[in-house]
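What follows is a short report on a single structure.
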Amino acid sequence: MGAGSAPEMTTQQEQITRIRLSYTKGPSLRFTGHLDLQRLWERLLRRSGLPIRYSQGYNPRARLNLASALPLGVISEAEMLDFWMDEPLPTETVRQHLAENAPPGLNILKVTSISLKEKALQEQMSASEYRVSFFDPQPEDALTEKVAALLAAEQLPRVRRKKSYDLRPLILDLQVTRSDTGEIELWMRLNAEPGATGRPDEVLEELGFANTDYLACRTGLILKA
Amino acid sequence: MPETNQEALWRRAERILPTVTKPGRYVGGELNQVVKDWDKVRTHVALVFPDIYDLGQSNLGLMLLYDILNRRDDIAAERAFSPWLDMESALRENDIPLYSLESKRALADFNIIGVSLPYETLYTNFLNVLDLAHLPLRSAERDEAQPLIIAGGQSVYNPEPVAPFVDAFAIGEGEEIFLDVIDAYQAWQATGESKRELLATLATIPGIYVPSLYQVDYHPDGTIAEVRPTHPNAALPVLKRINAKLPPPLTRFLVPNVEVVQERVSVEIMRGCTRGCRFCHAGMVNRPIRERPMDEILAALKTGLDQTGYEEVSLLSLSSSDYSQIIPLINGLRELLQERQVNITLPSLRIESFTEDLMDELQSLTPGGGFTLAPEAGTERMRAIINKPISDEAFMSTVRSVFKHGWTSVKLYFMIGHPQETLEDVAAIAELCKAVLSEGRRIVGGRTRVHAGISTFIPKPHTPFQWVGFDSLESIRQKLDILHQGLHGAKVKMTWNDPESSLLESWLARGDRRLSDVIFKAWQNGARFDAWTDQFNLAHWQAAFNEVGLDPDFYSHRTRDLDETLPWEHINAGVKKAFLKKDYEWSLQGKTRPDCRGGCYGCGILSAFNELRLVAPDGGWKCP
């Protein structure tokens, strides 16, 4: 590399901005899987007209990073995403451009600018929190009993994609709660580290519920400090 | 507040969704969908494409209508598609009617259901949609309180096989006709008259065919004696509807939340084709040729990209390289490509209209990818018969140019089963493929890829070959064997159509009204998704023919007498029977008919629509 080109590169590097944002995944996006969500975001970023940073090559793609795959059928109030821009812009401007171009069910919540040096979002993931509402009313006592029995278990051996694992240590917290309107619900916090992620449908299956019995909503992503 | 029927429907539907494959097909909610306040809209229209969402959502015709209808404040147009087999079972088991994706309303709640029938193998799915909507299948069994069923699309140029199921057909281009139907419907609603009155009124709209207002009489041999109007409003023949000028292209594309085919911004650059290939239904029924202005095309592509964020654009026409401004258009596309980082597909390039200039331009536009050519037949003799006259030398010269411009992969489309085809003509297809391969190896070396796509010729209504018999299954299989042997050991990839699927299409394409009973029985026997090779089951159809007592060969293999009254003759696609007959006779003599932009042959389109042409002098008509 020629001596003259080095400072120029540095200037350009300084312009690159990393944006971290949170957003909702509403009922109309309930069955949009992780790969489809990735494509949905690429198109949303294209539509936004923001100075999105693209990968090089024949098929340039927007550089973006989704925090943690949401199981199909689960909605969310707290998804997270990082993407990169070629130049800095006020976060409120970024939020507006994205909000105006978002599909139904995807609401942009919070937009921040973060250091380029931060670890990948997936690597920062620590835990996920879920709220589960039931289509049919649940008797509180019976559910409380089942939850207590599950939490009392030392091990919950299961098989996922032909691999054996123990679900129990992935359940960090599990409680019977009530909604604003008084219906019995479940609340849980599950481990979400790379390679050690608990899924709400697995916990509910252990409690004896089929995926047609409830609607789960991710209410929070917890990042490592 | 008590739960409405619609809320109850959706609450139950939501519970079955996690049990079916790809449930995202059944929820709607896409970017650019239109949801109106149900109670504030006067007329509700369900637009149905009777195949799964993954295919139907990309249908440009359906989305054009969706856009046009929803522009009117008093109309809400919503979408519905065929559920896949698992969803069909779940809907039936739970007694949930098929619902629209926008408002999640049962289809029976709509005033009008518009069904798109671009190809014949959707017919059983169409019946299944009506059944899943809890509607009687036959028009005569539906009353005023039930939705009016309108069907349109390329296959309804012969509406007869599905005539008893449809209240009214829209023949020709749908952009204007659907609004006329709605106006008539709204006026009829105010009168409180019977359904028959509505149908009689609809029959007065140009391009609308109401089959219940016609009586078909048959000769003892099963051929048609006469098609008689039974109502003074029923026109004979029904002339198709066309637009004097192509309306502005669609720019508001829905962006699906789950993967579908052809996720891209598509703009039709022209409609119609002047080449006159004798096998080609689209080339005959979509006349006259009308071009869109280049600026309008480029502006639509930009707006479409702005509104979707898609990574790809596609230009649609029957013959892109015949577009008069093709080079300037490609230059405009190149700018777009550089500005937006998108891919471009430009299908339907014709060998005859290739120039070195065009090849130079294309090379920079779509580098690397495959190049598709459609010689359709292996010998000059055969190509003269089907009126796609390209000399072997001209073809090979195009192929050389393709390789010299850097493409390494060539796809060639051929048909077998052409009228008057000999086994030598078929063997020549394999020889031609091998010649292309060896030219490729000489020019670009070992990276050369040649793919031969073989389909079977199916005689279609309103074409010069509408009288000829469909080849026998034995003969088609023999010809496929010849190709397999001819290409054995050569590095040419060959794909082909299932001959039995082609046979079904040959029955349906030229069927009469009696065939509707066969379609009904086949559906009862379990026929669904006949366009899907893994679902199509010929046995359902053979059993249906048996049960109804009709001879399938009568529809497929029989060569029609030139004076026979054909089942679709009361539908006028603008091209005269006398012209088709002459063209057929020319084919028997191996005589070709040149592109008619160089001189009019009086196919009939101008005499049928000359007044319309005068209305829109800027309509882009390319007739001389």
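In the structure tokens, each chain is lettered A, B, ... as it comes, each chain's residues begin at 1, and ligands are numbered from 1 in order of appearance.
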
| request: Name the residues in contact with region 144-153 of chain B at a cut-off of 7 Å, using only C-alpha atoms, excluding same-chain residues fewer than 6 positions from it; report them as a list in words. | output: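 Near neighbours after the sequence-gap exclusion: Ala108, Phe110, Asn111, Ile112, Ile113, Gly114, Val115, Ser116, Leu117, Pro118, Val166, Asp167, Ala168, Phe169, Ala170, Ile171, Ser194 and Lys195 of chain B.
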
Those selected residues, please, written with N, CA and C atoms and delivered as an mmCIF file, in the first residue's frame.
data_model
loop_
_atom_site.group_PDB
_atom_site.id
_atom_site.type_symbol
_atom_site.label_atom_id
_atom_site.label_comp_id
_atom_site.auth_asym_id
_atom_site.auth_seq_id
_atom_site.Cartn_x
_atom_site.Cartn_y
_atom_site.Cartn_z
ATOM 1 N N ALA B 108 -67.036 -16.039 1.880
ATOM 2 C CA ALA B 108 -68.471 -15.902 1.636
ATOM 3 C C ALA B 108 -68.998 -14.538 2.077
ATOM 4 N N PHE B 110 -67.724 -11.750 1.173
ATOM 5 C CA PHE B 110 -67.407 -10.758 0.147
ATOM 6 C C PHE B 110 -68.552 -10.639 -0.867
ATOM 7 N N ASN B 111 -68.635 -9.471 -1.506
ATOM 8 C CA ASN B 111 -69.642 -9.290 -2.553
ATOM 9 C C ASN B 111 -69.237 -10.024 -3.825
ATOM 10 N N ILE B 112 -67.947 -9.907 -4.141
ATOM 11 C CA ILE B 112 -67.457 -10.460 -5.403
ATOM 12 C C ILE B 112 -66.170 -11.227 -5.129
ATOM 13 N N ILE B 113 -66.036 -12.388 -5.764
ATOM 14 C CA ILE B 113 -64.769 -13.118 -5.714
ATOM 15 C C ILE B 113 -64.219 -13.147 -7.132
ATOM 16 N N GLY B 114 -63.060 -12.583 -7.320
ATOM 17 C CA GLY B 114 -62.404 -12.580 -8.630
ATOM 18 C C GLY B 114 -61.308 -13.619 -8.634
ATOM 19 N N VAL B 115 -61.404 -14.579 -9.553
ATOM 20 C CA VAL B 115 -60.455 -15.684 -9.571
ATOM 21 C C VAL B 115 -59.558 -15.570 -10.795
ATOM 22 N N SER B 116 -58.272 -15.677 -10.566
ATOM 23 C CA SER B 116 -57.310 -15.608 -11.653
ATOM 24 C C SER B 116 -57.020 -17.028 -12.154
ATOM 25 N N LEU B 117 -57.232 -17.249 -13.446
ATOM 26 C CA LEU B 117 -56.983 -18.576 -14.026
ATOM 27 C C LEU B 117 -56.019 -18.453 -15.210
ATOM 28 N N PRO B 118 -54.759 -18.212 -14.929
ATOM 29 C CA PRO B 118 -53.793 -18.054 -16.023
ATOM 30 C C PRO B 118 -53.468 -19.373 -16.732
ATOM 31 N N VAL B 166 -68.699 -20.617 -12.917
ATOM 32 C CA VAL B 166 -68.376 -19.189 -12.911
ATOM 33 C C VAL B 166 -69.623 -18.398 -13.290
ATOM 34 N N ASP B 167 -69.877 -17.284 -12.594
ATOM 35 C CA ASP B 167 -71.029 -16.451 -12.939
ATOM 36 C C ASP B 167 -70.744 -15.609 -14.174
ATOM 37 N N ALA B 168 -69.563 -15.026 -14.228
ATOM 38 C CA ALA B 168 -69.206 -14.220 -15.397
ATOM 39 C C ALA B 168 -67.708 -14.271 -15.613
ATOM 40 N N PHE B 169 -67.314 -14.353 -16.885
ATOM 41 C CA PHE B 169 -65.895 -14.347 -17.232
ATOM 42 C C PHE B 169 -65.506 -12.968 -17.750
ATOM 43 N N ALA B 170 -64.321 -12.522 -17.363
ATOM 44 C CA ALA B 170 -63.750 -11.311 -17.945
ATOM 45 C C ALA B 170 -62.776 -11.761 -19.025
ATOM 46 N N ILE B 171 -63.153 -11.531 -20.288
ATOM 47 C CA ILE B 171 -62.324 -11.988 -21.402
ATOM 48 C C ILE B 171 -61.396 -10.849 -21.819
ATOM 49 N N SER B 194 -83.084 -9.871 -8.867
ATOM 50 C CA SER B 194 -82.547 -11.225 -8.725
ATOM 51 C C SER B 194 -81.149 -11.321 -9.335
ATOM 52 N N LYS B 195 -80.488 -12.442 -9.030
ATOM 53 C CA LYS B 195 -79.155 -12.671 -9.564
ATOM 54 C C LYS B 195 -79.179 -12.730 -11.093
#

| task | Identify every residue of chain B that has at least one atom within 10 Å of any atom of chain A, counting only C-alpha atoms, and report the result as JSON, numbers by chain. | result | {"B": [11, 12, 14, 15, 16, 17, 18, 19, 22, 23, 24, 25, 26, 27, 28, 29, 30, 31, 32, 33, 255, 256, 257, 258, 259, 305, 306, 307, 308, 309, 310, 311, 340, 341, 342, 343, 367]}

| task | Going by DSSP on the backbone, which bits of region 2-220 of chain A are alpha helix (DSSP H)? Write them as a ChimeraX atom specification, please. | result | /A:5-15,34-48,91-101,121-124,140-152,200-206

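Among the candidates A:Ser126, A:Thr93, A:Ser133, A:Gln175, the one nearest to Ile75 (chain A) when counting only C-alpha atoms is A:Ser133.
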
| DSSP strand (DSSP E or B) residues within region 453-556 of chain B, listed as number ranges by chain | B: 453-456, 492-496

Export, as a PDB file, in the first residue's frame, the selected residues with C-alpha atoms.
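See out_12.pdb below for the written result:
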ATOM      1  CA  GLY B 453     -35.332 -27.837 -21.470  1.00  0.00           C
ATOM      2  CA  ILE B 454     -37.803 -30.049 -23.327  1.00  0.00           C
ATOM      3  CA  SER B 455     -41.525 -29.402 -23.154  1.00  0.00           C
ATOM      4  CA  THR B 456     -44.360 -31.037 -25.033  1.00  0.00           C
ATOM      5  CA  VAL B 492     -25.757 -31.629 -21.771  1.00  0.00           C
ATOM      6  CA  LYS B 493     -28.214 -31.427 -18.908  1.00  0.00           C
ATOM      7  CA  MET B 494     -31.724 -32.318 -20.043  1.00  0.00           C
ATOM      8  CA  THR B 495     -34.984 -31.604 -18.227  1.00  0.00           C
ATOM      9  CA  TRP B 496     -38.425 -32.454 -19.525  1.00  0.00           C
TER      10      TRP B 496
END

| request: Can you pull out every residue within 12 Å of region 139-143 of chain A, counting only C-alpha atoms, but drop anything in the same chain fewer than 3 positions away, and send it as a VMD selection string? | output: chain A and resid 134 136 146 to 150 174 to 178 182 to 186 204 207 to 209

What's around Arg158 (chain A) at 12 Å? Count only C-alpha atoms, leave out sequence neighbours fewer than 3 positions away in its own chain, and write the answer as an mmCIF file with N, CA and C atoms, in the first residue's frame.
data_model
loop_
_atom_site.group_PDB
_atom_site.id
_atom_site.type_symbol
_atom_site.label_atom_id
_atom_site.label_comp_id
_atom_site.auth_asym_id
_atom_site.auth_seq_id
_atom_site.Cartn_x
_atom_site.Cartn_y
_atom_site.Cartn_z
ATOM 1 N N GLN A 155 -32.686 -32.472 36.877
ATOM 2 C CA GLN A 155 -32.318 -32.525 35.463
ATOM 3 C C GLN A 155 -33.580 -32.589 34.616
ATOM 4 N N ARG A 161 -32.601 -31.579 17.829
ATOM 5 C CA ARG A 161 -31.845 -31.889 16.603
ATOM 6 C C ARG A 161 -30.842 -33.019 16.852
ATOM 7 N N LYS A 162 -31.354 -34.106 17.410
ATOM 8 C CA LYS A 162 -30.587 -35.326 17.649
ATOM 9 C C LYS A 162 -29.460 -35.153 18.663
ATOM 10 N N LYS A 163 -29.475 -34.017 19.393
ATOM 11 C CA LYS A 163 -28.430 -33.789 20.392
ATOM 12 C C LYS A 163 -29.061 -33.772 21.786
ATOM 13 N N SER A 164 -28.490 -34.524 22.708
ATOM 14 C CA SER A 164 -29.020 -34.555 24.076
ATOM 15 C C SER A 164 -28.530 -33.338 24.847
ATOM 16 N N TYR A 165 -29.413 -32.801 25.665
ATOM 17 C CA TYR A 165 -29.006 -31.683 26.522
ATOM 18 C C TYR A 165 -29.932 -31.644 27.729
ATOM 19 N N ASP A 166 -29.561 -30.853 28.718
ATOM 20 C CA ASP A 166 -30.355 -30.707 29.940
ATOM 21 C C ASP A 166 -31.009 -29.324 29.930
ATOM 22 N N LEU A 167 -32.349 -29.291 29.926
ATOM 23 C CA LEU A 167 -33.070 -28.019 29.875
ATOM 24 C C LEU A 167 -33.030 -27.281 31.215
ATOM 25 N N ARG A 168 -32.918 -28.041 32.305
ATOM 26 C CA ARG A 168 -33.078 -27.436 33.640
ATOM 27 C C ARG A 168 -32.166 -26.227 33.900
ATOM 28 N N LEU A 170 -30.951 -24.238 31.922
ATOM 29 C CA LEU A 170 -31.247 -23.125 31.002
ATOM 30 C C LEU A 170 -32.430 -22.294 31.501
ATOM 31 N N GLY A 198 -32.118 -21.646 25.912
ATOM 32 C CA GLY A 198 -33.375 -22.317 26.224
ATOM 33 C C GLY A 198 -34.492 -21.752 25.380
ATOM 34 N N ARG A 199 -35.435 -22.604 24.978
ATOM 35 C CA ARG A 199 -36.555 -22.143 24.173
ATOM 36 C C ARG A 199 -37.840 -22.228 24.986
ATOM 37 N N GLU A 202 -40.005 -25.366 24.620
ATOM 38 C CA GLU A 202 -39.512 -26.574 25.293
ATOM 39 C C GLU A 202 -39.949 -26.592 26.753
ATOM 40 N N VAL A 203 -39.871 -25.420 27.387
ATOM 41 C CA VAL A 203 -40.328 -25.328 28.782
ATOM 42 C C VAL A 203 -41.821 -25.653 28.846
ATOM 43 N N GLU A 205 -43.585 -27.372 26.760
ATOM 44 C CA GLU A 205 -43.826 -28.793 26.482
ATOM 45 C C GLU A 205 -43.609 -29.621 27.748
ATOM 46 N N GLU A 206 -42.563 -29.261 28.515
ATOM 47 C CA GLU A 206 -42.315 -29.960 29.788
ATOM 48 C C GLU A 206 -43.484 -29.755 30.760
#

| task | Find the residues near Gln57 (chain B): any atom within 9 Å, counting only C-alpha atoms, skip ones fewer than 4 places away on the same chain, and give them as a count of residues only. | result | 11

| region 173-180 of chain B: which residues within 10 Å, counting only C-alpha atoms, same-chain residues fewer than 2 positions away excluded, as number ranges by chain? | B: 61-62, 64-65, 67-69, 72, 75, 114, 150, 152-154, 170-171, 182-186, 202, 205-208, 240-243, 246-247, 286

Restricting the output to C-alpha atoms, write the selected residues as an mmCIF file, in the first residue's frame.
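Final output, saved to result.cif:
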data_model
loop_
_atom_site.group_PDB
_atom_site.id
_atom_site.type_symbol
_atom_site.label_atom_id
_atom_site.label_comp_id
_atom_site.auth_asym_id
_atom_site.auth_seq_id
_atom_site.Cartn_x
_atom_site.Cartn_y
_atom_site.Cartn_z
ATOM 1 C CA GLY B 61 -52.012 -9.539 -12.882
ATOM 2 C CA LEU B 62 -53.461 -10.187 -9.444
ATOM 3 C CA LEU B 64 -52.392 -4.968 -10.648
ATOM 4 C CA LEU B 65 -56.077 -5.570 -9.937
ATOM 5 C CA ASP B 67 -53.918 -1.874 -6.757
ATOM 6 C CA ILE B 68 -56.539 -0.636 -9.224
ATOM 7 C CA LEU B 69 -59.500 -1.716 -7.081
ATOM 8 C CA ARG B 72 -61.263 3.430 -5.152
ATOM 9 C CA ILE B 75 -63.962 -0.803 -2.780
ATOM 10 C CA GLY B 114 -62.404 -12.580 -8.630
ATOM 11 C CA ILE B 150 -65.825 -13.659 -11.753
ATOM 12 C CA GLY B 152 -60.304 -14.041 -15.791
ATOM 13 C CA GLY B 153 -56.825 -14.816 -17.062
ATOM 14 C CA GLN B 154 -55.215 -16.346 -20.110
ATOM 15 C CA ALA B 170 -63.750 -11.311 -17.945
ATOM 16 C CA ILE B 171 -62.324 -11.988 -21.402
ATOM 17 C CA ILE B 182 -68.332 -3.337 -9.762
ATOM 18 C CA ASP B 183 -70.283 -0.316 -11.024
ATOM 19 C CA ALA B 184 -72.931 -2.641 -12.434
ATOM 20 C CA TYR B 185 -72.953 -4.646 -9.214
ATOM 21 C CA GLN B 186 -73.482 -1.551 -7.072
ATOM 22 C CA LEU B 202 -73.142 -7.833 -16.675
ATOM 23 C CA ILE B 205 -70.348 -4.957 -20.462
ATOM 24 C CA PRO B 206 -67.845 -5.316 -23.331
ATOM 25 C CA GLY B 207 -65.632 -8.344 -22.681
ATOM 26 C CA ILE B 208 -67.946 -9.980 -20.137
ATOM 27 C CA LYS B 240 -62.314 -9.557 -25.738
ATOM 28 C CA ARG B 241 -61.583 -6.320 -23.924
ATOM 29 C CA ILE B 242 -58.282 -4.545 -24.395
ATOM 30 C CA ASN B 243 -56.771 -1.262 -23.247
ATOM 31 C CA LEU B 246 -51.341 0.264 -21.405
ATOM 32 C CA PRO B 247 -52.227 1.809 -18.037
ATOM 33 C CA ASN B 286 -52.596 -10.809 -26.564
#

| task | Name the residues in contact with region 267-275 of chain B at a cut-off of 7 Å, using only C-alpha atoms, excluding same-chain residues fewer than 4 positions from it; report them as an NGL selection string. | result | :B and (249 or 283 or 286-292 or 297 or 301 or 314-319 or 595-597)

| said: I'd like to know which of A:Thr181, A:Ser115, A:Asn107, A:Ser68 is closest to Gly195 (chain A), using only C-alpha atoms. | reply: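 So, comparing all the options, the nearest one is A:Ser68.
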